[in-house]
>>> print(open('query_6.txt').read())   # compact mmCIF, C-alpha atoms and all ligand atoms
# COMPACT_ATOMS: atom_id res chain seq x y z
CA MET H 26 1.62 15.85 -18.64
CA ARG H 27 -0.24 15.96 -15.39
CA SER H 28 1.05 14.89 -11.98
CA VAL H 29 -1.32 12.75 -9.95
CA THR H 30 -1.13 11.11 -6.53
CA ALA H 31 -0.48 7.37 -6.41
CA TYR H 32 0.75 4.57 -4.17
CA ALA H 33 3.78 2.76 -5.56
CA THR H 34 5.94 -0.13 -4.39
CA PRO H 35 9.62 0.61 -5.10
CA GLY H 36 10.80 -3.01 -5.35
CA PRO H 37 9.75 -6.64 -4.85
CA GLY H 38 7.94 -6.92 -1.52
CA LYS H 39 8.85 -3.33 -0.51
CA PRO H 40 6.22 -1.30 1.37
CA PHE H 41 4.04 1.14 -0.56
CA GLN H 42 4.92 4.81 -0.63
CA LYS H 43 2.68 7.71 -1.44
CA THR H 44 4.10 9.44 -4.50
CA THR H 45 3.23 11.35 -7.65
CA ILE H 46 3.26 9.94 -11.17
CA GLU H 47 2.75 11.52 -14.58
CA ARG H 48 -0.28 10.87 -16.75
CA ARG H 49 -0.06 11.80 -20.44
CA ASP H 50 -1.85 14.78 -21.98
CA LEU H 51 -5.17 13.87 -23.52
CA GLY H 52 -4.91 12.63 -27.10
CA PRO H 53 -7.95 12.98 -29.36
CA LYS H 54 -9.33 9.55 -28.36
CA ASP H 55 -8.30 9.67 -24.68
CA VAL H 56 -10.47 9.82 -21.60
CA LEU H 57 -9.24 11.29 -18.31
CA ILE H 58 -10.79 9.33 -15.47
CA LYS H 59 -10.96 10.40 -11.86
CA ILE H 60 -10.47 7.12 -10.02
CA HIS H 61 -12.78 6.73 -7.03
CA TYR H 62 -12.05 3.08 -6.21
CA ALA H 63 -9.44 0.46 -7.10
CA GLY H 64 -9.76 -3.20 -6.15
CA ILE H 65 -6.82 -5.28 -4.91
CA CYS H 66 -6.36 -8.38 -7.08
CA HIS H 67 -4.01 -11.22 -6.17
CA SER H 68 -2.34 -10.56 -9.54
CA ASP H 69 -1.22 -7.18 -8.15
CA ILE H 70 0.55 -9.11 -5.41
CA HIS H 71 2.11 -11.73 -7.71
CA THR H 72 3.46 -8.83 -9.80
CA GLY H 73 4.51 -6.54 -6.95
CA ARG H 74 6.35 -9.33 -5.16
CA GLY H 75 8.13 -10.42 -8.34
CA GLU H 76 6.49 -13.85 -8.34
CA TRP H 77 5.77 -13.81 -12.08
CA GLY H 78 9.25 -12.78 -13.19
CA ASP H 79 10.36 -9.33 -14.25
CA THR H 80 8.45 -6.40 -12.85
CA HIS H 81 9.27 -2.79 -13.65
CA PHE H 82 9.60 -0.71 -10.48
CA PRO H 83 8.40 1.58 -9.04
CA LEU H 84 5.08 -0.14 -9.64
CA VAL H 85 1.62 1.34 -9.23
CA PRO H 86 -0.65 -1.72 -9.46
CA GLY H 87 -4.42 -1.79 -9.83
CA HIS H 88 -6.56 -3.07 -12.68
CA GLU H 89 -9.98 -2.94 -11.08
CA ILE H 90 -10.73 0.71 -11.59
CA ALA H 91 -14.04 2.54 -11.11
CA GLY H 92 -14.49 6.29 -11.41
CA THR H 93 -15.97 9.15 -13.36
CA VAL H 94 -14.94 10.91 -16.55
CA GLU H 95 -13.24 14.21 -15.86
CA ALA H 96 -12.29 15.24 -19.42
CA VAL H 97 -12.37 13.79 -22.94
CA GLY H 98 -10.25 14.27 -26.07
CA ALA H 99 -11.65 16.04 -29.12
CA GLN H 100 -12.65 12.86 -30.99
CA VAL H 101 -14.11 10.86 -28.10
CA THR H 102 -17.65 9.73 -28.88
CA ARG H 103 -18.37 6.92 -26.41
CA HIS H 104 -17.94 8.70 -23.10
CA SER H 105 -18.82 12.13 -21.70
CA VAL H 106 -17.70 14.17 -18.73
CA GLY H 107 -19.40 12.89 -15.58
CA ASP H 108 -20.03 9.35 -16.87
CA ARG H 109 -19.48 6.45 -14.46
CA VAL H 110 -16.78 4.30 -16.00
CA GLY H 111 -14.39 1.44 -15.36
CA VAL H 112 -11.04 0.17 -16.59
CA GLY H 113 -9.88 -3.40 -16.23
CA CYS H 114 -6.64 -5.23 -17.01
CA MET H 115 -6.02 -3.78 -20.49
CA VAL H 116 -5.57 -0.27 -21.82
CA ASN H 117 -4.84 -1.01 -25.49
CA SER H 118 -4.30 -3.70 -28.14
CA CYS H 119 -3.34 -3.82 -31.83
CA GLY H 120 -6.94 -3.71 -33.05
CA GLU H 121 -6.15 -5.75 -36.17
CA CYS H 122 -5.18 -9.33 -35.30
CA ASP H 123 -7.61 -12.25 -35.21
CA ALA H 124 -8.04 -11.93 -31.45
CA CYS H 125 -8.85 -8.21 -31.66
CA GLN H 126 -11.21 -8.75 -34.60
CA ALA H 127 -12.99 -11.39 -32.53
CA GLY H 128 -13.35 -8.98 -29.60
CA GLU H 129 -10.91 -11.05 -27.54
CA GLU H 130 -8.33 -8.28 -27.12
CA GLN H 131 -6.90 -9.99 -24.05
CA TYR H 132 -5.30 -12.58 -26.35
CA CYS H 133 -3.72 -10.00 -28.70
CA ALA H 134 0.08 -10.24 -28.76
CA GLY H 135 0.15 -6.43 -28.64
CA MET H 136 -2.22 -6.13 -25.71
CA ILE H 137 -1.03 -3.47 -23.25
CA GLY H 138 -1.68 -4.19 -19.59
CA THR H 139 -3.00 -1.50 -17.27
CA TYR H 140 0.24 -1.63 -15.27
CA ASN H 141 3.75 -3.07 -15.68
CA ALA H 142 3.51 -2.93 -19.48
CA LEU H 143 5.48 -0.93 -22.01
CA ASP H 144 3.10 1.58 -23.55
CA ARG H 145 3.21 2.84 -27.14
CA ASP H 146 4.95 6.05 -26.07
CA GLY H 147 7.79 4.06 -24.45
CA THR H 148 6.67 4.66 -20.87
CA TRP H 149 5.60 1.96 -18.40
CA THR H 150 1.91 1.81 -17.67
CA GLN H 151 0.84 2.53 -14.10
CA GLY H 152 -2.41 1.30 -12.64
CA GLY H 153 -5.31 2.20 -10.47
CA TYR H 154 -3.79 2.78 -7.04
CA SER H 155 -3.88 6.45 -8.05
CA THR H 156 -6.28 9.35 -8.36
CA HIS H 157 -6.45 9.62 -12.16
CA ILE H 158 -5.71 7.60 -15.29
CA VAL H 159 -5.75 8.40 -19.01
CA VAL H 160 -7.08 5.60 -21.24
CA THR H 161 -8.06 5.42 -24.90
CA GLU H 162 -11.85 5.39 -25.10
CA ASP H 163 -12.22 1.87 -26.56
CA PHE H 164 -10.84 0.38 -23.33
CA VAL H 165 -13.14 2.33 -21.03
CA LEU H 166 -16.29 0.51 -19.87
CA ARG H 167 -19.64 1.96 -18.83
CA ILE H 168 -20.68 1.16 -15.27
CA PRO H 169 -24.46 0.89 -15.32
CA GLU H 170 -26.61 2.88 -12.90
CA GLY H 171 -27.65 0.52 -10.14
CA ILE H 172 -24.17 -0.76 -9.31
CA SER H 173 -22.34 1.56 -6.94
CA LEU H 174 -18.78 2.32 -7.95
CA ASP H 175 -17.09 0.70 -4.95
CA VAL H 176 -18.64 -2.73 -5.49
CA ALA H 177 -18.30 -2.35 -9.26
CA ALA H 178 -14.51 -1.94 -9.20
CA PRO H 179 -13.73 -5.67 -8.62
CA LEU H 180 -16.00 -6.65 -11.50
CA LEU H 181 -13.41 -5.22 -13.91
CA CYS H 182 -11.05 -8.13 -13.20
CA ALA H 183 -12.53 -10.63 -10.74
CA GLY H 184 -15.97 -10.35 -12.35
CA ILE H 185 -14.96 -10.76 -15.99
CA THR H 186 -12.35 -13.44 -15.23
CA LEU H 187 -15.13 -15.70 -13.96
CA TYR H 188 -17.90 -14.51 -16.27
CA SER H 189 -15.96 -15.30 -19.45
CA PRO H 190 -15.19 -18.99 -18.80
CA LEU H 191 -18.63 -19.57 -17.24
CA ARG H 192 -20.18 -18.31 -20.50
CA HIS H 193 -17.63 -19.99 -22.79
CA TRP H 194 -18.25 -23.40 -21.19
CA ASN H 195 -22.02 -22.83 -20.98
CA ALA H 196 -22.67 -22.64 -17.25
CA GLY H 197 -26.42 -22.63 -16.78
CA PRO H 198 -29.38 -24.75 -15.69
CA GLY H 199 -28.47 -28.42 -15.41
CA LYS H 200 -24.72 -27.74 -15.21
CA ARG H 201 -22.84 -28.77 -12.09
CA VAL H 202 -20.23 -26.08 -11.52
CA GLY H 203 -17.43 -26.20 -8.97
CA ILE H 204 -15.55 -23.11 -7.82
CA LEU H 205 -12.13 -23.87 -6.29
CA GLY H 206 -11.05 -21.24 -3.75
CA LEU H 207 -13.37 -18.66 -2.20
CA GLY H 208 -11.39 -15.44 -2.54
CA GLY H 209 -11.95 -12.39 -4.74
CA LEU H 210 -12.38 -14.31 -7.99
CA GLY H 211 -14.10 -17.26 -6.38
CA HIS H 212 -16.83 -15.26 -4.66
CA MET H 213 -17.70 -13.56 -7.95
CA GLY H 214 -17.75 -16.99 -9.58
CA VAL H 215 -20.35 -18.17 -7.09
CA LYS H 216 -22.57 -15.13 -7.63
CA LEU H 217 -22.30 -15.28 -11.42
CA ALA H 218 -22.72 -19.05 -11.83
CA HIS H 219 -25.73 -18.95 -9.48
CA ALA H 220 -27.27 -16.07 -11.46
CA MET H 221 -26.74 -18.07 -14.68
CA GLY H 222 -28.77 -20.89 -13.14
CA ALA H 223 -26.03 -23.47 -12.56
CA GLU H 224 -25.80 -25.78 -9.53
CA VAL H 225 -22.80 -24.40 -7.66
CA THR H 226 -20.39 -26.08 -5.25
CA VAL H 227 -17.66 -24.15 -3.46
CA PHE H 228 -14.39 -25.91 -2.61
CA SER H 229 -12.53 -24.22 0.22
CA ARG H 230 -9.69 -25.29 2.53
CA SER H 231 -11.70 -25.35 5.76
CA THR H 232 -15.24 -25.02 7.01
CA ALA H 233 -14.69 -21.34 7.83
CA LYS H 234 -16.39 -19.94 4.73
CA ALA H 235 -19.33 -22.40 4.56
CA GLN H 236 -22.00 -19.97 5.71
CA ASP H 237 -20.70 -17.21 3.43
CA ALA H 238 -20.62 -19.55 0.43
CA LEU H 239 -24.28 -20.44 0.82
CA GLU H 240 -25.23 -16.79 1.31
CA LEU H 241 -23.33 -15.89 -1.87
CA GLY H 242 -25.50 -18.35 -3.77
CA ALA H 243 -23.72 -21.72 -3.59
CA ASP H 244 -25.88 -24.83 -3.41
CA HIS H 245 -23.19 -26.95 -1.76
CA TYR H 246 -19.96 -26.51 0.15
CA ALA H 247 -16.99 -28.87 0.10
CA ASN H 248 -14.19 -28.64 2.65
CA THR H 249 -10.98 -29.76 0.92
CA GLY H 250 -9.26 -29.78 4.31
CA ASP H 251 -11.10 -33.05 4.91
CA PRO H 252 -9.07 -35.73 3.09
CA GLU H 253 -12.24 -37.63 2.11
CA THR H 254 -13.94 -34.74 0.30
CA LEU H 255 -12.34 -35.02 -3.15
CA GLY H 256 -12.79 -38.78 -3.34
CA ARG H 257 -16.43 -38.58 -2.30
CA LEU H 258 -17.22 -36.06 -5.05
CA ALA H 259 -15.18 -37.73 -7.82
CA GLY H 260 -16.78 -37.64 -11.27
CA SER H 261 -19.60 -35.25 -10.37
CA PHE H 262 -18.85 -31.91 -12.07
CA ASP H 263 -19.34 -30.61 -15.62
CA LEU H 264 -17.28 -27.47 -15.16
CA ILE H 265 -14.78 -26.45 -12.51
CA ILE H 266 -13.10 -23.06 -12.31
CA ASN H 267 -9.87 -23.11 -10.33
CA THR H 268 -9.26 -19.68 -8.82
CA VAL H 269 -6.59 -20.80 -6.34
CA SER H 270 -3.54 -18.52 -6.26
CA ALA H 271 -1.18 -21.32 -5.12
CA ALA H 272 -0.18 -24.71 -6.50
CA ILE H 273 -2.69 -27.42 -5.63
CA ASP H 274 -2.84 -31.09 -6.59
CA MET H 275 -4.38 -30.88 -10.07
CA ASN H 276 -4.77 -34.62 -10.45
CA ALA H 277 -6.95 -34.84 -7.36
CA HIS H 278 -9.12 -31.97 -8.60
CA LEU H 279 -9.35 -33.15 -12.25
CA ASN H 280 -10.76 -36.35 -10.81
CA LEU H 281 -13.84 -34.35 -9.77
CA LEU H 282 -14.87 -33.99 -13.44
CA ALA H 283 -17.63 -36.07 -15.00
CA LEU H 284 -17.57 -37.35 -18.62
CA ASP H 285 -16.52 -34.51 -20.97
CA GLY H 286 -16.04 -32.17 -18.04
CA THR H 287 -13.63 -29.24 -18.14
CA LEU H 288 -11.48 -27.74 -15.43
CA VAL H 289 -10.51 -24.17 -16.27
CA ASN H 290 -7.50 -22.64 -14.59
CA VAL H 291 -7.78 -18.94 -13.96
CA GLY H 292 -5.63 -19.06 -10.82
CA ALA H 293 -2.07 -18.28 -11.85
CA PRO H 294 0.49 -19.54 -9.31
CA SER H 295 4.13 -19.12 -10.23
CA GLU H 296 4.79 -22.83 -9.69
CA GLN H 297 4.14 -25.50 -12.34
CA LEU H 298 1.09 -27.70 -11.93
CA PRO H 299 1.99 -31.29 -12.89
CA VAL H 300 -0.81 -33.33 -14.47
CA HIS H 301 -0.92 -37.08 -15.06
CA ALA H 302 -2.30 -38.12 -18.48
CA PHE H 303 -4.57 -40.59 -16.71
CA SER H 304 -6.29 -37.73 -14.91
CA LEU H 305 -7.64 -36.66 -18.32
CA ILE H 306 -7.98 -39.77 -20.49
CA PRO H 307 -10.60 -41.93 -18.74
CA HIS H 308 -13.51 -39.44 -18.82
CA ARG H 309 -12.41 -37.48 -21.94
CA ARG H 310 -11.70 -34.61 -19.58
CA SER H 311 -10.23 -31.23 -20.54
CA TRP H 312 -7.95 -28.93 -18.65
CA ALA H 313 -8.09 -25.36 -19.95
CA GLY H 314 -7.00 -21.84 -19.13
CA SER H 315 -8.76 -18.53 -19.50
CA MET H 316 -7.62 -14.92 -19.21
CA ILE H 317 -9.99 -12.10 -18.18
CA GLY H 318 -12.37 -11.35 -21.09
CA GLY H 319 -12.64 -9.00 -24.08
CA ILE H 320 -14.00 -5.47 -23.93
CA ARG H 321 -17.38 -6.38 -25.45
CA GLU H 322 -17.79 -9.25 -23.02
CA THR H 323 -16.71 -7.10 -20.08
CA GLN H 324 -19.48 -4.65 -20.92
CA GLU H 325 -21.90 -7.56 -21.23
CA MET H 326 -20.78 -8.78 -17.77
CA LEU H 327 -21.32 -5.33 -16.22
CA ASP H 328 -24.80 -5.13 -17.74
CA PHE H 329 -25.53 -8.69 -16.53
CA CYS H 330 -24.44 -7.73 -12.99
CA ALA H 331 -26.67 -4.64 -13.05
CA GLN H 332 -29.59 -6.74 -14.26
CA HIS H 333 -29.09 -9.29 -11.48
CA GLY H 334 -28.15 -6.82 -8.75
CA LEU H 335 -24.62 -8.18 -8.41
CA GLY H 336 -21.52 -6.46 -7.11
CA ALA H 337 -18.51 -7.62 -5.14
CA ASP H 338 -18.51 -8.08 -1.35
CA ILE H 339 -15.87 -5.58 -0.34
CA GLU H 340 -13.88 -4.13 2.53
CA LEU H 341 -12.96 -0.49 1.86
CA ILE H 342 -9.46 0.63 2.86
CA GLY H 343 -7.34 3.76 2.63
CA GLY H 344 -4.00 4.14 0.85
CA GLU H 345 -1.99 3.60 4.04
CA GLN H 346 -3.53 0.15 4.53
CA ILE H 347 -2.44 -1.39 1.21
CA ASP H 348 0.52 -3.34 2.64
CA HIS H 349 -1.59 -4.78 5.43
CA ALA H 350 -4.36 -5.66 2.96
CA TRP H 351 -1.87 -7.48 0.70
CA ASP H 352 -0.70 -9.57 3.66
CA ARG H 353 -4.28 -10.39 4.54
CA VAL H 354 -5.05 -11.46 0.94
CA VAL H 355 -2.06 -13.82 0.98
CA GLU H 356 -3.24 -15.26 4.30
CA GLY H 357 -6.69 -15.88 2.81
CA ASP H 358 -8.16 -13.31 5.20
CA VAL H 359 -10.30 -11.27 2.81
CA ARG H 360 -14.09 -11.26 2.54
CA TYR H 361 -13.99 -10.97 -0.34
CA ARG H 362 -12.20 -8.07 -2.01
CA PHE H 363 -10.25 -5.13 -0.64
CA VAL H 364 -11.08 -1.91 -2.43
CA ILE H 365 -8.98 1.22 -2.05
CA ASP H 366 -10.93 4.44 -1.59
CA THR H 367 -8.85 7.12 -3.33
CA ALA H 368 -10.61 9.83 -1.31
CA SER H 369 -8.15 8.74 1.43
CA PHE H 370 -5.19 9.89 -0.70
P1 LIG T 401 -7.50 -14.43 -3.56
O1 LIG T 401 -8.57 -13.46 -3.22
O2 LIG T 401 -6.29 -14.48 -2.74
O3 LIG T 401 -8.22 -15.89 -3.60
C1 LIG T 401 -7.48 -17.06 -3.81
C2 LIG T 401 -8.11 -18.18 -2.98
O4 LIG T 401 -7.34 -19.36 -3.21
C3 LIG T 401 -8.05 -17.97 -1.49
O5 LIG T 401 -9.11 -17.22 -1.00
C4 LIG T 401 -8.08 -19.39 -0.96
O6 LIG T 401 -9.43 -19.85 -0.94
C5 LIG T 401 -7.36 -20.16 -2.05
N1 LIG T 401 -5.98 -20.45 -1.67
C6 LIG T 401 -4.98 -19.59 -1.46
N2 LIG T 401 -3.85 -20.22 -1.13
C7 LIG T 401 -4.14 -21.52 -1.15
C8 LIG T 401 -3.39 -22.69 -0.92
N3 LIG T 401 -2.09 -22.63 -0.56
N4 LIG T 401 -4.00 -23.88 -1.04
C9 LIG T 401 -5.30 -23.95 -1.37
N5 LIG T 401 -6.06 -22.86 -1.60
C10 LIG T 401 -5.49 -21.67 -1.48
O7 LIG T 401 -6.99 -14.22 -5.05
P2 LIG T 401 -7.79 -13.69 -6.35
O8 LIG T 401 -7.58 -12.23 -6.48
O9 LIG T 401 -9.13 -14.26 -6.35
O10 LIG T 401 -6.89 -14.35 -7.51
C11 LIG T 401 -6.77 -15.76 -7.59
C12 LIG T 401 -5.76 -16.16 -8.63
O11 LIG T 401 -6.25 -15.84 -9.93
C13 LIG T 401 -4.41 -15.46 -8.54
O12 LIG T 401 -3.39 -16.39 -8.86
C14 LIG T 401 -4.49 -14.38 -9.59
O13 LIG T 401 -3.24 -13.96 -10.08
C15 LIG T 401 -5.26 -15.10 -10.65
N6 LIG T 401 -5.95 -14.24 -11.61
C16 LIG T 401 -6.05 -14.68 -12.88
C17 LIG T 401 -6.75 -13.96 -13.82
C18 LIG T 401 -6.90 -14.48 -15.20
O14 LIG T 401 -7.24 -13.71 -16.11
N7 LIG T 401 -6.71 -15.77 -15.44
C19 LIG T 401 -7.35 -12.75 -13.46
C20 LIG T 401 -7.24 -12.33 -12.14
C21 LIG T 401 -6.55 -13.07 -11.22
P3 LIG T 401 -10.02 -20.65 0.34
O15 LIG T 401 -9.65 -19.88 1.55
O16 LIG T 401 -11.46 -20.68 0.07
O17 LIG T 401 -9.43 -22.04 0.33
ZN ZN T 402 -6.81 -9.05 -11.53
>>> encode(input="query_6.txt", output="structure tokens")
Amino acid sequence: MRSVTAYATPGPGKPFQKTTIERRDLGPKDVLIKIHYAGICHSDIHTGRGEWGDTHFPLVPGHEIAGTVEAVGAQVTRHSVGDRVGVGCMVNSCGECDACQAGEEQYCAGMIGTYNALDRDGTWTQGGYSTHIVVTEDFVLRIPEGISLDVAAPLLCAGITLYSPLRHWNAGPGKRVGILGLGGLGHMGVKLAHAMGAEVTVFSRSTAKAQDALELGADHYANTGDPETLGRLAGSFDLIINTVSAAIDMNAHLNLLALDGTLVNVGAPSEQLPVHAFSLIPHRRSWAGSMIGGIRETQEMLDFCAQHGLGADIELIGGEQIDHAWDRVVEGDVRYRFVIDTASF
């Protein structure tokens, strides 16, 4: 075992404390990663504040990890000391079920989350708000040269969570794509959908982010704070990705879909989202969900980002600013991802 520095929250909504946690000794297939940067995802906050049900405390969140390989186990073949690598929301899965065979490990019943999950050795996984992590090599991604590690970190969750549904539902030239909510996930959705060639509209609660949205690559901006916006744009989208972290009126937003359009929920509020059957029936609309992406697809997304010069728009913070950053995320005051610099530990 090796003791490493981390920031943990001791209970729901309790302030972070600097602490030490144990990382396991390297098994033959394990990679020891020195974490340089860890992004702050709204899922960290849902979990740390107990909004999704049971959380095991103390909790070290963080599933947007970018760093370098410090050591490898005897049988590791995919990664070498010094490599630039990332870890996202998963650190293991069964490897045998249909989902795993299809490269969709995120849907494996035995998938082990990067934090707040019971690991195979009976310990609770602890995430990226720490200086080091040990992960089996199959769940370690290569960060291509050309993307710096700080702006790469958020790609490991925010990036893949938007890339996967955009690809699955064929975002591209001729497709009218709407992105609901311009936060961490949403801003990556704009960049990715634009790079895929789709016509992109951002839906945001005010006019405050209009200029940013266009600079990120959006073609249009819709202020949902104006009560006329949703009605005016009814029936004009092929694909909408809802990244909003709170409950919104799904019926009003489903009404934005054109014939055969799909609204994909990636936003995961704790509240239920009631839907009227008549929001779906008239235009043969679909309402779907999507969870991150598989390991193969995550690598594909990182390579795509390198090819298109994409990274997250970030604000770097130190370990002592995590609580403040969480509050700012909840207030919608982030442009567009906080990233913790572990050099500050
Ligand atoms: P975030 O940075 O906080 O962005 C969420 C955005 O939602 C905000 O920027 C805001 O956009 C909008 N919003 C927030 N509260 C709202 C409200 N009350 N009414 C209307 N709009 C509101 O969060 P994130 O990190 O992008 O995560 C977004 C959600 O996705 C979270 O629920 C998270 O848990 C979930 N998530 C899911 C997956 C998955 O695999 N499915 C992966 C990662 C995260 P505007 O200011 O532009 O209106
Ligand atoms: Zn996340």
>>> residues_around(input="query_6.txt", residues="H:Leu187", least_positions_apart="3", cutoff="7 Å", atoms="all atoms listed in the file", output="count of residues only")
7
>>> residues_around(input="query_6.txt", residues="stretch 176-181 of chain H", least_positions_apart="5", cutoff="9 Å", atoms="all atoms listed in the file", output="PyMOL selection string")
chain H and resi 62-66+88-92+111-114+166+168+186+209-210+213+317+323+326-327+330+335-339+362-364
>>> write_last_selection(input="query_6.txt", atoms="C-alpha atoms", output="mmCIF file, in the frame of the given file")
data_model
loop_
_atom_site.group_PDB
_atom_site.id
_atom_site.type_symbol
_atom_site.label_atom_id
_atom_site.label_comp_id
_atom_site.auth_asym_id
_atom_site.auth_seq_id
_atom_site.Cartn_x
_atom_site.Cartn_y
_atom_site.Cartn_z
ATOM 1 C CA TYR H 62 -12.050 3.080 -6.210
ATOM 2 C CA ALA H 63 -9.440 0.460 -7.100
ATOM 3 C CA GLY H 64 -9.760 -3.200 -6.150
ATOM 4 C CA ILE H 65 -6.820 -5.280 -4.910
ATOM 5 C CA CYS H 66 -6.360 -8.380 -7.080
ATOM 6 C CA HIS H 88 -6.560 -3.070 -12.680
ATOM 7 C CA GLU H 89 -9.980 -2.940 -11.080
ATOM 8 C CA ILE H 90 -10.730 0.710 -11.590
ATOM 9 C CA ALA H 91 -14.040 2.540 -11.110
ATOM 10 C CA GLY H 92 -14.490 6.290 -11.410
ATOM 11 C CA GLY H 111 -14.390 1.440 -15.360
ATOM 12 C CA VAL H 112 -11.040 0.170 -16.590
ATOM 13 C CA GLY H 113 -9.880 -3.400 -16.230
ATOM 14 C CA CYS H 114 -6.640 -5.230 -17.010
ATOM 15 C CA LEU H 166 -16.290 0.510 -19.870
ATOM 16 C CA ILE H 168 -20.680 1.160 -15.270
ATOM 17 C CA THR H 186 -12.350 -13.440 -15.230
ATOM 18 C CA GLY H 209 -11.950 -12.390 -4.740
ATOM 19 C CA LEU H 210 -12.380 -14.310 -7.990
ATOM 20 C CA MET H 213 -17.700 -13.560 -7.950
ATOM 21 C CA ILE H 317 -9.990 -12.100 -18.180
ATOM 22 C CA THR H 323 -16.710 -7.100 -20.080
ATOM 23 C CA MET H 326 -20.780 -8.780 -17.770
ATOM 24 C CA LEU H 327 -21.320 -5.330 -16.220
ATOM 25 C CA CYS H 330 -24.440 -7.730 -12.990
ATOM 26 C CA LEU H 335 -24.620 -8.180 -8.410
ATOM 27 C CA GLY H 336 -21.520 -6.460 -7.110
ATOM 28 C CA ALA H 337 -18.510 -7.620 -5.140
ATOM 29 C CA ASP H 338 -18.510 -8.080 -1.350
ATOM 30 C CA ILE H 339 -15.870 -5.580 -0.340
ATOM 31 C CA ARG H 362 -12.200 -8.070 -2.010
ATOM 32 C CA PHE H 363 -10.250 -5.130 -0.640
ATOM 33 C CA VAL H 364 -11.080 -1.910 -2.430
#
>>> residues_around(input="query_6.txt", residues="H:Val215", least_positions_apart="5", cutoff="7 Å", atoms="only C-alpha atoms", output="ChimeraX atom specification")
/H:204,225,241-243
>>> atom_distance(input="query_6.txt", atom1="atom CA of H:Thr287", atom2="atom CA of H:Pro299")
16.6 Å
>>> residues_near_ligand(input="query_6.txt", ligand="ligand LIG 401 (chain T)", cutoff="8 Å", atoms="only C-alpha atoms and all ligand atoms", output="PyMOL selection string")
chain H and resi 65-71+182-183+186+205-212+227-231+234+249+268-273+290-294+314-318+354-359+361-362
>>> closest_residue(input="query_6.txt", among="H:Gly36, H:Gly75, H:Gly153, H:Gly128", to="ligand ZN 402 (chain T)", atoms="only C-alpha atoms and all ligand atoms")
H:Gly153
>>> closest_residue(input="query_6.txt", among="H:Ala331, H:Ile320, H:Val101, H:Ala259", to="H:Glu129", atoms="all atoms listed in the file")
H:Ile320
>>> decode(input="query_6.txt", residues="stretch 42-62 of chain H", atoms="C-alpha atoms", output="mmCIF file, in the first residue's frame")
data_model
loop_
_atom_site.group_PDB
_atom_site.id
_atom_site.type_symbol
_atom_site.label_atom_id
_atom_site.label_comp_id
_atom_site.auth_asym_id
_atom_site.auth_seq_id
_atom_site.Cartn_x
_atom_site.Cartn_y
_atom_site.Cartn_z
ATOM 1 C CA GLN H 42 -10.360 18.243 4.097
ATOM 2 C CA LYS H 43 -6.837 17.525 3.002
ATOM 3 C CA THR H 44 -6.033 13.959 3.983
ATOM 4 C CA THR H 45 -4.119 10.841 2.996
ATOM 5 C CA ILE H 46 -5.618 7.729 1.428
ATOM 6 C CA GLU H 47 -4.168 4.335 0.562
ATOM 7 C CA ARG H 48 -3.622 3.146 -2.981
ATOM 8 C CA ARG H 49 -3.080 -0.585 -3.549
ATOM 9 C CA ASP H 50 0.274 -2.127 -4.443
ATOM 10 C CA LEU H 51 0.732 -2.597 -8.153
ATOM 11 C CA GLY H 52 -0.703 -5.855 -9.471
ATOM 12 C CA PRO H 53 0.743 -7.307 -12.685
ATOM 13 C CA LYS H 54 -1.746 -5.406 -14.887
ATOM 14 C CA ASP H 55 -1.846 -2.186 -12.840
ATOM 15 C CA VAL H 56 -0.641 1.265 -13.759
ATOM 16 C CA LEU H 57 0.378 3.835 -11.135
ATOM 17 C CA ILE H 58 -0.600 7.271 -12.380
ATOM 18 C CA LYS H 59 0.655 10.562 -11.037
ATOM 19 C CA ILE H 60 -2.422 12.768 -11.306
ATOM 20 C CA HIS H 61 -1.651 16.260 -12.570
ATOM 21 C CA TYR H 62 -5.220 17.489 -13.076
#
